[in-house]
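Novice: Please find one structure pasted underneath; my questions will follow.
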Amino acid sequence: MTTYAPPDSDTPLRAVVLNGSPSASSRTRVLLDALQARLAQALPLDTRFIDLPDLVPHIGTALSAQHLPAPAQDTLRQIGNADLLIVGSPVFKGSLPGLFKHLFDLIDQDALIGTPVLLAATGGSPRHSLFIDHQLRPLFSFFQALTLPIGVYGTPDEIIGGRIASPLLEERIELAASQALPVLKALQRARQPQASELLEA
């Protein structure tokens, strides 16, 4: 397993981990937690976790963002204000779960422009592994988000008992993190206060 250098700055990136599974304790959440933990080894992250089941009572019947109750409005703001999104979804009958897609129907189309997004998915077999490229990337391309180079897909044989049980999946997680880090570190540097600003303060 790759060992990352410790974070070299105290300025955290605002990260939102969005679990698109109907179950909060799903394989998708296990995979998302592993990705977030790998990135947090190398970058300071101020992370918020959002699970789809918590949103169902608030978004299930909403036809527009204007009609959402306060908790759902706050969730949309957190997603829109994030410096980094780590988003995962199960493959449900070959596609996205309906309520997960509905959540993004409620997000303003300009809210995610340029936001880095690390994608993950889980499915019942390896045959759905292209789900990330065929379903998730097009969704975030519509929002003009910056989908990071490597997505991570996991199967039931690789995520067992609430943990990553496959060395190959661990390697894919490490690869995704290593490919994402140059982009995220550049973003973090851009958010650092400049020396002139510190002197003026």
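Simple scheme: letters A, B, ... for chains in structure tokens order, numbers from 1 for residues in each chain, numbers from 1 for ligands in the order shown.
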Please provide as a list of chain:residue names all residues within 10 Å of A:Gln78, with the sequence filter that same-chain residues fewer than 3 positions apart are discarded (counting only C-alpha atoms).
Specialist: A:Arg14, A:Ala15, A:Val16, A:Arg48, A:Phe49, A:Ile50, A:Ala72, A:Gln73, A:Asp74, A:Thr75, A:Asn81, A:Ala82, A:Asp83
Novice: Just to be explicit: take each residue in the selection above, keep N, CA, C and O atoms, and write the result as a compact mmCIF listing (two decimals), in the first residue's frame.
Specialist:
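The result, written out as again-v2.txt:
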# COMPACT_ATOMS: atom_id res chain seq x y z
N ARG A 14 -12.85 21.92 1.31
CA ARG A 14 -14.20 21.52 1.69
C ARG A 14 -14.61 20.33 0.83
O ARG A 14 -14.81 20.49 -0.38
N ALA A 15 -14.72 19.16 1.42
CA ALA A 15 -15.07 17.95 0.69
C ALA A 15 -16.47 17.50 1.09
O ALA A 15 -16.84 17.55 2.26
N VAL A 16 -17.23 17.06 0.10
CA VAL A 16 -18.53 16.45 0.36
C VAL A 16 -18.50 15.04 -0.20
O VAL A 16 -18.20 14.83 -1.38
N ARG A 48 -17.88 16.66 4.78
CA ARG A 48 -19.27 16.45 5.13
C ARG A 48 -19.75 15.19 4.41
O ARG A 48 -19.47 15.01 3.23
N PHE A 49 -20.46 14.34 5.13
CA PHE A 49 -20.99 13.11 4.55
C PHE A 49 -22.49 13.25 4.35
O PHE A 49 -23.22 13.63 5.28
N ILE A 50 -22.95 12.94 3.15
CA ILE A 50 -24.36 13.03 2.81
C ILE A 50 -24.81 11.66 2.30
O ILE A 50 -24.24 11.12 1.35
N ALA A 72 -32.91 20.16 3.21
CA ALA A 72 -32.52 19.84 1.85
C ALA A 72 -31.87 21.03 1.16
O ALA A 72 -30.92 20.87 0.39
N GLN A 73 -32.36 22.24 1.45
CA GLN A 73 -31.72 23.44 0.91
C GLN A 73 -30.27 23.53 1.38
O GLN A 73 -29.37 23.87 0.62
N ASP A 74 -30.05 23.21 2.66
CA ASP A 74 -28.69 23.23 3.20
C ASP A 74 -27.82 22.19 2.52
O ASP A 74 -26.64 22.45 2.24
N THR A 75 -28.37 21.03 2.23
CA THR A 75 -27.61 19.99 1.53
C THR A 75 -27.19 20.46 0.14
O THR A 75 -26.04 20.27 -0.27
N ASN A 81 -21.12 24.38 -2.68
CA ASN A 81 -19.97 25.10 -2.13
C ASN A 81 -18.73 24.23 -1.95
O ASN A 81 -17.69 24.73 -1.51
N ALA A 82 -18.83 22.97 -2.27
CA ALA A 82 -17.71 22.05 -2.05
C ALA A 82 -16.53 22.37 -2.96
O ALA A 82 -16.72 22.76 -4.13
N ASP A 83 -15.32 22.20 -2.43
CA ASP A 83 -14.12 22.25 -3.26
C ASP A 83 -13.89 20.92 -3.96
O ASP A 83 -13.22 20.86 -4.99
Novice: Using only C-alpha atoms, which protein or nucleic acid residues come within 12 Å of A:Leu168? Drop anything in the same chain fewer than 5 positions from it, and give the result as a list in words.
Specialist: Met1, Val152, Tyr153, Gly154, Thr155, Asp157, Glu158, Ile159, Ile173, Glu174 and Leu175 of chain A
Novice: May I have the residues within 12 Å of stretch 121-125 of chain A as JSON, numbers by chain, using only C-alpha atoms and disregarding those fewer than 6 positions away in the same chain?
Specialist: {"A": [18, 19, 20, 21, 26, 27, 28, 29, 30, 31, 32, 35, 86, 87, 88, 89, 90, 91, 92, 93, 94, 95, 96, 97, 131, 132, 133, 134, 135, 136, 137, 150, 151, 152, 153, 154, 155, 156, 157, 158, 159, 169, 173]}
Novice: The selected residues should be written to file as a tab-separated table (two decimals), in the first residue's frame (atoms: N, CA and C atoms).
Specialist:
chain	number	residue	atom	x	y	z
A	18	LEU	N	-20.80	12.06	-1.10
A	18	LEU	CA	-22.21	11.86	-1.40
A	18	LEU	C	-22.47	10.40	-1.74
A	19	ASN	N	-23.19	9.75	-0.85
A	19	ASN	CA	-23.52	8.34	-1.01
A	19	ASN	C	-24.89	8.23	-1.68
A	20	GLY	N	-24.90	7.78	-2.93
A	20	GLY	CA	-26.15	7.66	-3.68
A	20	GLY	C	-26.86	6.35	-3.50
A	21	SER	N	-26.48	5.57	-2.50
A	21	SER	CA	-27.14	4.29	-2.25
A	21	SER	C	-28.37	4.49	-1.38
A	26	SER	N	-24.07	0.81	3.10
A	26	SER	CA	-23.94	-0.01	1.90
A	26	SER	C	-22.48	-0.21	1.51
A	27	ARG	N	-22.25	-1.08	0.54
A	27	ARG	CA	-20.91	-1.24	-0.04
A	27	ARG	C	-20.45	0.07	-0.67
A	28	THR	N	-21.39	0.82	-1.22
A	28	THR	CA	-21.03	2.11	-1.81
A	28	THR	C	-20.43	3.03	-0.76
A	29	ARG	N	-21.03	3.08	0.42
A	29	ARG	CA	-20.51	3.94	1.48
A	29	ARG	C	-19.14	3.46	1.95
A	30	VAL	N	-18.94	2.15	2.02
A	30	VAL	CA	-17.62	1.62	2.40
A	30	VAL	C	-16.56	2.08	1.41
A	31	LEU	N	-16.87	2.01	0.12
A	31	LEU	CA	-15.93	2.44	-0.90
A	31	LEU	C	-15.66	3.93	-0.82
A	32	LEU	N	-16.71	4.72	-0.62
A	32	LEU	CA	-16.54	6.17	-0.50
A	32	LEU	C	-15.68	6.53	0.71
A	35	LEU	N	-12.03	5.91	-0.10
A	35	LEU	CA	-11.47	6.95	-0.97
A	35	LEU	C	-11.20	8.22	-0.18
A	86	ILE	N	-16.82	13.71	-3.64
A	86	ILE	CA	-16.54	12.28	-3.79
A	86	ILE	C	-17.90	11.61	-3.86
A	87	VAL	N	-18.27	11.12	-5.04
A	87	VAL	CA	-19.64	10.71	-5.31
A	87	VAL	C	-19.66	9.23	-5.68
A	88	GLY	N	-20.55	8.49	-5.06
A	88	GLY	CA	-20.69	7.08	-5.38
A	88	GLY	C	-22.13	6.68	-5.53
A	89	SER	N	-22.35	5.68	-6.38
A	89	SER	CA	-23.71	5.18	-6.62
A	89	SER	C	-23.65	3.68	-6.86
A	90	PRO	N	-24.65	2.96	-6.40
A	90	PRO	CA	-24.78	1.58	-6.84
A	90	PRO	C	-25.37	1.54	-8.25
A	91	VAL	N	-25.11	0.45	-8.94
A	91	VAL	CA	-25.78	0.22	-10.23
A	91	VAL	C	-27.13	-0.42	-9.91
A	92	PHE	N	-28.19	0.25	-10.27
A	92	PHE	CA	-29.54	-0.22	-9.96
A	92	PHE	C	-30.28	-0.48	-11.26
A	93	LYS	N	-30.47	-1.74	-11.58
A	93	LYS	CA	-31.11	-2.14	-12.84
A	93	LYS	C	-30.45	-1.47	-14.03
A	94	GLY	N	-29.11	-1.45	-13.99
A	94	GLY	CA	-28.33	-0.92	-15.11
A	94	GLY	C	-28.19	0.57	-15.15
A	95	SER	N	-28.68	1.27	-14.12
A	95	SER	CA	-28.64	2.73	-14.17
A	95	SER	C	-28.50	3.29	-12.75
A	96	LEU	N	-28.68	4.62	-12.65
A	96	LEU	CA	-28.65	5.30	-11.36
A	96	LEU	C	-29.94	5.05	-10.58
A	97	PRO	N	-29.87	4.96	-9.26
A	97	PRO	CA	-31.11	4.97	-8.49
A	97	PRO	C	-31.90	6.25	-8.78
A	131	PHE	N	-20.18	1.48	-15.90
A	131	PHE	CA	-21.23	2.37	-15.41
A	131	PHE	C	-20.69	3.76	-15.11
A	132	ILE	N	-19.49	3.83	-14.55
A	132	ILE	CA	-18.91	5.13	-14.20
A	132	ILE	C	-18.76	6.00	-15.44
A	133	ASP	N	-18.22	5.42	-16.51
A	133	ASP	CA	-17.97	6.20	-17.72
A	133	ASP	C	-19.23	6.44	-18.54
A	134	HIS	N	-20.19	5.52	-18.49
A	134	HIS	CA	-21.38	5.64	-19.33
A	134	HIS	C	-22.52	6.39	-18.66
A	135	GLN	N	-22.50	6.47	-17.32
A	135	GLN	CA	-23.62	7.10	-16.62
A	135	GLN	C	-23.19	8.28	-15.76
A	136	LEU	N	-22.16	8.09	-14.93
A	136	LEU	CA	-21.78	9.15	-14.00
A	136	LEU	C	-21.03	10.28	-14.69
A	137	ARG	N	-20.07	9.96	-15.53
A	137	ARG	CA	-19.31	11.04	-16.19
A	137	ARG	C	-20.21	11.94	-17.03
A	150	ILE	N	-9.50	8.84	-12.72
A	150	ILE	CA	-9.79	7.43	-12.46
A	150	ILE	C	-10.97	7.31	-11.51
A	151	GLY	N	-12.01	6.59	-11.94
A	151	GLY	CA	-13.09	6.22	-11.06
A	151	GLY	C	-12.84	4.83	-10.50
A	152	VAL	N	-13.55	4.48	-9.44
A	152	VAL	CA	-13.33	3.19	-8.77
A	152	VAL	C	-14.64	2.43	-8.69
A	153	TYR	N	-14.59	1.18	-9.16
A	153	TYR	CA	-15.77	0.31	-9.15
A	153	TYR	C	-15.48	-0.90	-8.28
A	154	GLY	N	-16.44	-1.28	-7.45
A	154	GLY	CA	-16.27	-2.43	-6.57
A	154	GLY	C	-17.43	-3.40	-6.66
A	155	THR	N	-17.13	-4.68	-6.44
A	155	THR	CA	-18.13	-5.74	-6.50
A	155	THR	C	-18.32	-6.36	-5.11
A	156	PRO	N	-19.37	-7.19	-4.94
A	156	PRO	CA	-19.58	-7.83	-3.64
A	156	PRO	C	-18.42	-8.71	-3.19
A	157	ASP	N	-17.66	-9.27	-4.12
A	157	ASP	CA	-16.51	-10.08	-3.73
A	157	ASP	C	-15.36	-9.24	-3.20
A	158	GLU	N	-15.40	-7.94	-3.47
A	158	GLU	CA	-14.29	-7.06	-3.08
A	158	GLU	C	-14.60	-6.24	-1.82
A	159	ILE	N	-15.87	-6.13	-1.48
A	159	ILE	CA	-16.29	-5.37	-0.29
A	159	ILE	C	-17.15	-6.30	0.55
A	169	LEU	N	-8.82	-4.10	-5.41
A	169	LEU	CA	-9.63	-2.90	-5.19
A	169	LEU	C	-8.82	-1.86	-4.42
A	173	ILE	N	-8.10	1.97	-5.62
A	173	ILE	CA	-8.31	3.14	-4.75
A	173	ILE	C	-7.05	3.99	-4.70
Novice: Would you return as a PDB file with N, CA and C atoms, in the first residue's frame the members of stretch 47-132 of chain A that DSSP assigns to strand (DSSP E or B) on this structure's backbone?
Specialist:
ATOM      1  N   THR A  47     -14.599  17.521   5.799  1.00  0.00           N
ATOM      2  CA  THR A  47     -15.489  16.627   5.068  1.00  0.00           C
ATOM      3  C   THR A  47     -16.883  16.604   5.662  1.00  0.00           C
ATOM      4  N   ARG A  48     -17.881  16.661   4.779  1.00  0.00           N
ATOM      5  CA  ARG A  48     -19.273  16.449   5.129  1.00  0.00           C
ATOM      6  C   ARG A  48     -19.749  15.193   4.407  1.00  0.00           C
ATOM      7  N   PHE A  49     -20.463  14.342   5.126  1.00  0.00           N
ATOM      8  CA  PHE A  49     -20.989  13.107   4.551  1.00  0.00           C
ATOM      9  C   PHE A  49     -22.494  13.250   4.351  1.00  0.00           C
ATOM     10  N   ILE A  50     -22.946  12.940   3.147  1.00  0.00           N
ATOM     11  CA  ILE A  50     -24.364  13.026   2.809  1.00  0.00           C
ATOM     12  C   ILE A  50     -24.809  11.660   2.302  1.00  0.00           C
ATOM     13  N   ASP A  51     -25.826  11.098   2.967  1.00  0.00           N
ATOM     14  CA  ASP A  51     -26.371   9.801   2.577  1.00  0.00           C
ATOM     15  C   ASP A  51     -27.772   9.982   2.017  1.00  0.00           C
ATOM     16  N   LEU A  84     -14.416  19.856  -3.382  1.00  0.00           N
ATOM     17  CA  LEU A  84     -14.239  18.498  -3.910  1.00  0.00           C
ATOM     18  C   LEU A  84     -15.484  17.686  -3.595  1.00  0.00           C
ATOM     19  N   LEU A  85     -15.970  16.960  -4.591  1.00  0.00           N
ATOM     20  CA  LEU A  85     -17.042  15.998  -4.380  1.00  0.00           C
ATOM     21  C   LEU A  85     -16.490  14.589  -4.558  1.00  0.00           C
ATOM     22  N   ILE A  86     -16.821  13.708  -3.640  1.00  0.00           N
ATOM     23  CA  ILE A  86     -16.537  12.278  -3.789  1.00  0.00           C
ATOM     24  C   ILE A  86     -17.900  11.612  -3.861  1.00  0.00           C
ATOM     25  N   VAL A  87     -18.269  11.123  -5.038  1.00  0.00           N
ATOM     26  CA  VAL A  87     -19.638  10.706  -5.308  1.00  0.00           C
ATOM     27  C   VAL A  87     -19.662   9.234  -5.685  1.00  0.00           C
ATOM     28  N   GLY A  88     -20.553   8.489  -5.057  1.00  0.00           N
ATOM     29  CA  GLY A  88     -20.688   7.082  -5.382  1.00  0.00           C
ATOM     30  C   GLY A  88     -22.135   6.678  -5.532  1.00  0.00           C
ATOM     31  N   SER A  89     -22.354   5.681  -6.377  1.00  0.00           N
ATOM     32  CA  SER A  89     -23.705   5.182  -6.617  1.00  0.00           C
ATOM     33  C   SER A  89     -23.649   3.682  -6.865  1.00  0.00           C
ATOM     34  N   PRO A  90     -24.649   2.965  -6.398  1.00  0.00           N
ATOM     35  CA  PRO A  90     -24.776   1.578  -6.837  1.00  0.00           C
ATOM     36  C   PRO A  90     -25.368   1.537  -8.246  1.00  0.00           C
ATOM     37  N   PHE A  92     -28.194   0.253 -10.271  1.00  0.00           N
ATOM     38  CA  PHE A  92     -29.537  -0.224  -9.959  1.00  0.00           C
ATOM     39  C   PHE A  92     -30.279  -0.479 -11.262  1.00  0.00           C
ATOM     40  N   SER A  95     -28.677   1.274 -14.120  1.00  0.00           N
ATOM     41  CA  SER A  95     -28.637   2.730 -14.174  1.00  0.00           C
ATOM     42  C   SER A  95     -28.504   3.286 -12.753  1.00  0.00           C
ATOM     43  N   PRO A 116     -13.907  19.633  -8.842  1.00  0.00           N
ATOM     44  CA  PRO A 116     -13.375  18.277  -9.026  1.00  0.00           C
ATOM     45  C   PRO A 116     -14.318  17.242  -8.416  1.00  0.00           C
ATOM     46  N   VAL A 117     -14.541  16.156  -9.150  1.00  0.00           N
ATOM     47  CA  VAL A 117     -15.429  15.091  -8.691  1.00  0.00           C
ATOM     48  C   VAL A 117     -14.713  13.759  -8.853  1.00  0.00           C
ATOM     49  N   LEU A 118     -14.572  13.038  -7.754  1.00  0.00           N
ATOM     50  CA  LEU A 118     -14.015  11.692  -7.780  1.00  0.00           C
ATOM     51  C   LEU A 118     -15.184  10.716  -7.755  1.00  0.00           C
ATOM     52  N   LEU A 119     -15.253   9.840  -8.761  1.00  0.00           N
ATOM     53  CA  LEU A 119     -16.414   8.989  -8.959  1.00  0.00           C
ATOM     54  C   LEU A 119     -16.159   7.566  -8.479  1.00  0.00           C
ATOM     55  N   ALA A 120     -17.208   6.969  -7.924  1.00  0.00           N
ATOM     56  CA  ALA A 120     -17.138   5.586  -7.477  1.00  0.00           C
ATOM     57  C   ALA A 120     -18.481   4.920  -7.724  1.00  0.00           C
ATOM     58  N   ALA A 121     -18.461   3.600  -7.831  1.00  0.00           N
ATOM     59  CA  ALA A 121     -19.698   2.850  -8.030  1.00  0.00           C
ATOM     60  C   ALA A 121     -19.512   1.426  -7.533  1.00  0.00           C
ATOM     61  N   THR A 122     -20.629   0.812  -7.210  1.00  0.00           N
ATOM     62  CA  THR A 122     -20.628  -0.598  -6.839  1.00  0.00           C
ATOM     63  C   THR A 122     -21.725  -1.306  -7.625  1.00  0.00           C
TER      64      THR A 122
END
Novice: Among stretch 32-177 of chain A, which residues does DSSP mark as alpha helix (DSSP H) when it is run on the backbone? Keep the chain and numbering as in the structure and answer as a count of residues only.
Specialist: 57
Novice: Show me, as an NGL selection string, the residues that have an atom within 6 Å of A:Leu52 when counting only C-alpha atoms, minus same-chain residues fewer than 2 positions from it.
Specialist: :A and (20 or 22 or 54-55)
Novice: What gap, in Å, lies between atom CA of A:Phe143 and atom CA of A:Gln41?
Specialist: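 Atom CA of A:Phe143 sits 28.5 Å away from atom CA of A:Gln41.
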Novice: Taking only C-alpha atoms into account, name the residue in A:Leu76, A:Ala190, A:Ala165, A:Ala145 that is nearest to A:Gly114.
Specialist: A:Ala145
Novice: So, with only C-alpha atoms as the atoms that count, which of A:Ala34, A:Leu130, A:Ala65, A:Ala177 lies closest to A:Leu148?
Specialist: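 That would be A:Ala177, the residue with the smallest distance to A:Leu148.
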